[in-house]
Amino acid sequence: MIISKLRATGVAVALCTFLISIPVHGQKMVWPQFRGPESNPVGTHPKLADRWSKTQNVEWFSEVPGRGWSSPIVTGDRVYITTVTTDGNSKPPQIGTEYSNEYAAELQKQGLPMKEIIERITARDIELPNEVSLHYFVYCLSLKSGKVEWQKEFFTGHPPGGRHRKNSFISESPVTDGKFIYVYVANLGLWAFDLKGNQVWKTSVEANPIYLDFGTGSSPALAGDLVVIVSDNEKQQYISAFDKKTGKQVWRTNRELAKGQPARSGWATPFVWRHELRTEIVTIGPGEAISYDLNGKELWRLSGMAGGPIPTPFAYEGLLYINAGRGRPLFAIRPGASGNISLKQGETSNAYVVWSQPKGGTYLPSSLAYQGAVYSLTETGILTRYDSKTGKEIYKTRIDPTATAFTTSPWAYNGKLFCLSEEGQTFVVSTGQEFKLLHVNELDDMAQASPALAGERLLIRTEHRLYSIRKKV
């Protein structure tokens, strides 16, 4: 059970007046998916808090059972969140990204054969399907109080694949159209629930292996009446669309990316790019980005992506931004492309690539555009600011000597950039031309999920809790 603790503010709040929102089914879409309505997490409410702690500006918090790195979503005055509980013990997450590699290097120095090295790493850092029995839940909470309105256990049993202990068994965020909540678990299935928690339909999907049983993380997206998923795996990569009313598959397009490479899995969420020329579905896969029309036909592709991409694309002021992954480029793309738009050797732009930064990509956090700039944050705490129109690097700096581990994507509002570390510290940075660290907010709990913004509320999910951050009057 989720236990909610309310910290009263004594004032009523108008939720929808200042939101980035689109009207659907008579409601305001507050925060309908991973990274928000435009996949670019920017708030507009002037009263959003920029300071908080476990007690300061906490309207309420709820203890969340189990583990899930999916993000909360909001529609109407309700918050929806998914989680998985485990019968018995569960391998805990750990801060950072290199500890498995460091352990492998240590075992190699001991002269152990590769087979034994892999076995030891798997035993320590990978949770395999036959090792656990799981319970998958979706929760509905009151946005104003954190009280649980309903909960639904929608699957029980062994998972379809393993997970690295840094990951969770439900890292995919749900998505909503304001009328239904669509829950996706990669390699397992899709579920639709109405806003009262009644299951409307369920569609199973095939289970395909993920590289080294690292687990999954690509969230679904809504494109009109379609629920779209991307599955980049080690057997058969594909993008598929389902009728949101019935759950029936409308189309499926198989993909062949990184063919012949030792790893072909990906974790990037698709982005539905709506611009004046058309609507397209932009996907980032191993080695290439591919955009599709609403019937699953390929429109264009761009090479240069990392082997195991994670960051999600987004649009800002007429351009599409693609973070190609650690050590790879950051691209700005103009609408209307067709065919292969990859850069030739020595090029940084072409007819459709407006600009690129050859080493501008990052490993875990997605990039963000705000006030004429694009911000990219590495998993080790290096923040870079680019001019959004030209790609010119404005600055590149370490946020703070103590800021060394990041998975959560940064977000912005009211002239400030927020970078939440895995240790639960949020580094608040001025969004001007020069880097300036303003202050640090402490929550003292591991964090990897990206937040939701709902009016003047900031919803932060940590390993054990969901916080509603709101200025007290």
# chains A, B, ... in the order shown; residues from 1 in each chain; ligands from 1
>>> closest_atom_pairs(of="stretch 188-256 of chain A", to="stretch 159-162 of chain A", cutoff="12 Å", atoms="only C-alpha atoms", output="Markdown table")
| residue | atom | partner | partner_atom | distance |
| --- | --- | --- | --- | --- |
| A:Leu188 | CA | A:Pro160 | CA | 6.1 |
| A:Gly189 | CA | A:Pro160 | CA | 9.9 |
| A:Ser204 | CA | A:Pro160 | CA | 11.3 |
| A:Val205 | CA | A:Pro160 | CA | 10.2 |
| A:Glu206 | CA | A:Pro160 | CA | 9.1 |
| A:Ala207 | CA | A:Pro160 | CA | 6.0 |
| A:Asn208 | CA | A:Gly161 | CA | 8.1 |
| A:Pro209 | CA | A:Gly161 | CA | 6.8 |
| A:Ile210 | CA | A:Gly161 | CA | 7.4 |
| A:Tyr211 | CA | A:Gly162 | CA | 9.8 |
| A:Leu212 | CA | A:Gly162 | CA | 8.4 |
| A:Asp213 | CA | A:Gly162 | CA | 4.7 |
| A:Phe214 | CA | A:Gly162 | CA | 6.4 |
| A:Gly215 | CA | A:Gly162 | CA | 5.6 |
| A:Thr216 | CA | A:Gly161 | CA | 8.8 |
| A:Asn233 | CA | A:Gly161 | CA | 11.3 |
>>> residues_around(residues="A:Tyr386", least_positions_apart="2", cutoff="9 Å", atoms="only C-alpha atoms", output="list in words")
Gly372, Ala373, Val374, Tyr375, Ser376, Thr384, Ser388, Lys389, Thr390, Gly391, Lys392, Glu393, Ile394 and Tyr395 of chain A
>>> residues_around(residues="stretch 258-266 of chain A", least_positions_apart="3", cutoff="8 Å", atoms="only C-alpha atoms", output="PyMOL selection string")
chain A and resi 210-211+218+231-234+284-287+307-310
>>> write_last_selection(atoms="N, CA and C atoms", output="PDB file, in the first residue's frame")
ATOM      1  N   ILE A 210      17.114  -8.930 -24.501  1.00  0.00           N
ATOM      2  CA  ILE A 210      17.801  -7.642 -24.407  1.00  0.00           C
ATOM      3  C   ILE A 210      19.265  -7.900 -24.092  1.00  0.00           C
ATOM      4  N   TYR A 211      20.124  -7.094 -24.637  1.00  0.00           N
ATOM      5  CA  TYR A 211      21.564  -7.261 -24.477  1.00  0.00           C
ATOM      6  C   TYR A 211      21.950  -7.470 -23.011  1.00  0.00           C
ATOM      7  N   SER A 218      12.164   1.856 -22.923  1.00  0.00           N
ATOM      8  CA  SER A 218      11.533   2.725 -23.916  1.00  0.00           C
ATOM      9  C   SER A 218      10.035   2.845 -23.643  1.00  0.00           C
ATOM     10  N   SER A 231      10.657  -1.479 -30.084  1.00  0.00           N
ATOM     11  CA  SER A 231      11.371  -2.561 -29.413  1.00  0.00           C
ATOM     12  C   SER A 231      12.650  -2.865 -30.175  1.00  0.00           C
ATOM     13  N   ASP A 232      13.758  -2.329 -29.696  1.00  0.00           N
ATOM     14  CA  ASP A 232      15.072  -2.656 -30.254  1.00  0.00           C
ATOM     15  C   ASP A 232      15.733  -3.665 -29.329  1.00  0.00           C
ATOM     16  N   ASN A 233      15.926  -4.871 -29.845  1.00  0.00           N
ATOM     17  CA  ASN A 233      16.365  -6.000 -29.042  1.00  0.00           C
ATOM     18  C   ASN A 233      17.357  -6.836 -29.833  1.00  0.00           C
ATOM     19  N   GLU A 234      17.743  -7.979 -29.298  1.00  0.00           N
ATOM     20  CA  GLU A 234      18.785  -8.800 -29.915  1.00  0.00           C
ATOM     21  C   GLU A 234      18.256  -9.809 -30.930  1.00  0.00           C
ATOM     22  N   ILE A 284      15.040   6.661 -32.171  1.00  0.00           N
ATOM     23  CA  ILE A 284      16.500   6.559 -32.087  1.00  0.00           C
ATOM     24  C   ILE A 284      16.836   5.103 -31.820  1.00  0.00           C
ATOM     25  N   GLY A 285      17.571   4.476 -32.730  1.00  0.00           N
ATOM     26  CA  GLY A 285      17.935   3.081 -32.578  1.00  0.00           C
ATOM     27  C   GLY A 285      19.436   2.900 -32.601  1.00  0.00           C
ATOM     28  N   PRO A 286      19.913   1.689 -32.385  1.00  0.00           N
ATOM     29  CA  PRO A 286      21.350   1.431 -32.418  1.00  0.00           C
ATOM     30  C   PRO A 286      21.947   1.818 -33.769  1.00  0.00           C
ATOM     31  N   GLY A 287      22.804   2.829 -33.775  1.00  0.00           N
ATOM     32  CA  GLY A 287      23.499   3.235 -34.983  1.00  0.00           C
ATOM     33  C   GLY A 287      22.776   4.240 -35.854  1.00  0.00           C
ATOM     34  N   GLY A 307      25.615   2.821 -30.039  1.00  0.00           N
ATOM     35  CA  GLY A 307      25.195   1.438 -30.164  1.00  0.00           C
ATOM     36  C   GLY A 307      24.003   1.073 -29.291  1.00  0.00           C
ATOM     37  N   GLY A 308      23.893   1.704 -28.125  1.00  0.00           N
ATOM     38  CA  GLY A 308      22.775   1.435 -27.223  1.00  0.00           C
ATOM     39  C   GLY A 308      22.138   2.737 -26.781  1.00  0.00           C
ATOM     40  N   PRO A 309      21.382   3.396 -27.655  1.00  0.00           N
ATOM     41  CA  PRO A 309      20.891   4.745 -27.378  1.00  0.00           C
ATOM     42  C   PRO A 309      19.831   4.791 -26.278  1.00  0.00           C
ATOM     43  N   ILE A 310      19.836   5.888 -25.523  1.00  0.00           N
ATOM     44  CA  ILE A 310      18.894   6.081 -24.418  1.00  0.00           C
ATOM     45  C   ILE A 310      18.155   7.416 -24.511  1.00  0.00           C
TER      46      ILE A 310
END
>>> select_by_dssp(residues="stretch 91-207 of chain A", states="strand (DSSP E or B)", output="PyMOL selection string")
chain A and resi 126-127+134-142+148-157+163-164+175-176+180-185+189-194+199-204
>>> closest_residue(among="A:Ala315, A:Gln110, A:Arg252, A:Gly327", to="A:Tyr292", atoms="only C-alpha atoms")
A:Arg252
>>> select_by_dssp(residues="stretch 99-307 of chain A", states="helix (DSSP H, G or I)", output="ChimeraX atom specification")
/A:99-109,114-125,129-131,211-213
>>> residues_around(residues="A:Pro311", least_positions_apart="6", cutoff="9 Å", atoms="only C-alpha atoms", output="list in words")
Trp267, Ala268, Thr269, Ile284, Ile322, Asn323, Ala324, Gly325, Gly361, Thr362, Tyr363, Leu364, Pro365, Ser366, Ser367 and Ser409 of chain A
>>> write_last_selection(atoms="C-alpha atoms", output="CSV table (one decimal), in the first residue's frame")
chain,number,residue,atom,x,y,z
A,267,TRP,CA,16.2,2.2,-24.7
A,268,ALA,CA,15.1,5.5,-26.4
A,269,THR,CA,11.5,6.6,-26.3
A,284,ILE,CA,16.5,6.6,-32.1
A,322,ILE,CA,18.5,14.4,-31.6
A,323,ASN,CA,20.9,13.4,-28.8
A,324,ALA,CA,22.8,10.5,-30.4
A,325,GLY,CA,24.3,9.1,-27.2
A,361,GLY,CA,25.6,13.5,-27.2
A,362,THR,CA,25.2,12.1,-23.7
A,363,TYR,CA,24.7,8.6,-22.2
A,364,LEU,CA,21.7,8.7,-19.9
A,365,PRO,CA,19.9,12.1,-19.5
A,366,SER,CA,18.0,13.5,-22.5
A,367,SER,CA,18.8,17.1,-23.6
A,409,SER,CA,16.8,14.3,-17.5
>>> residues_around(residues="A:Ser90", least_positions_apart="2", cutoff="8 Å", atoms="only C-alpha atoms", output="MDAnalysis selection string")
chainID A and resid 86 88 92 127 132
>>> residues_around(residues="A:Asn40", least_positions_apart="5", cutoff="10 Å", atoms="only C-alpha atoms", output="number ranges by chain")
A: 34-35, 312-316, 366-370, 409-412
>>> write_last_selection(atoms="C-alpha atoms", output="CSV table (one decimal), in the first residue's frame")
chain,number,residue,atom,x,y,z
A,34,PHE,CA,7.5,10.8,-20.1
A,35,ARG,CA,9.1,14.3,-20.3
A,312,THR,CA,14.8,10.9,-26.2
A,313,PRO,CA,14.4,13.3,-29.2
A,314,PHE,CA,12.2,16.4,-29.0
A,315,ALA,CA,11.3,19.6,-30.9
A,316,TYR,CA,11.8,23.2,-30.0
A,366,SER,CA,18.0,13.5,-22.5
A,367,SER,CA,18.8,17.1,-23.6
A,368,LEU,CA,16.5,20.1,-23.0
A,369,ALA,CA,15.8,23.3,-24.9
A,370,TYR,CA,14.9,26.5,-23.0
A,409,SER,CA,16.8,14.3,-17.5
A,410,PRO,CA,17.1,18.0,-16.5
A,411,TRP,CA,14.1,20.3,-16.5
A,412,ALA,CA,13.6,24.0,-16.5
>>> closest_residue(among="A:Arg328, A:Lys152, A:Lys115, A:Arg124", to="A:Tyr80", atoms="only C-alpha atoms")
A:Lys152
>>> atom_distance(atom1="atom CA of A:Ile239", atom2="atom CA of A:Ala332")
23.1 Å
>>> atom_distance(atom1="atom CA of A:Pro270", atom2="atom CA of A:Ser450")
15.9 Å
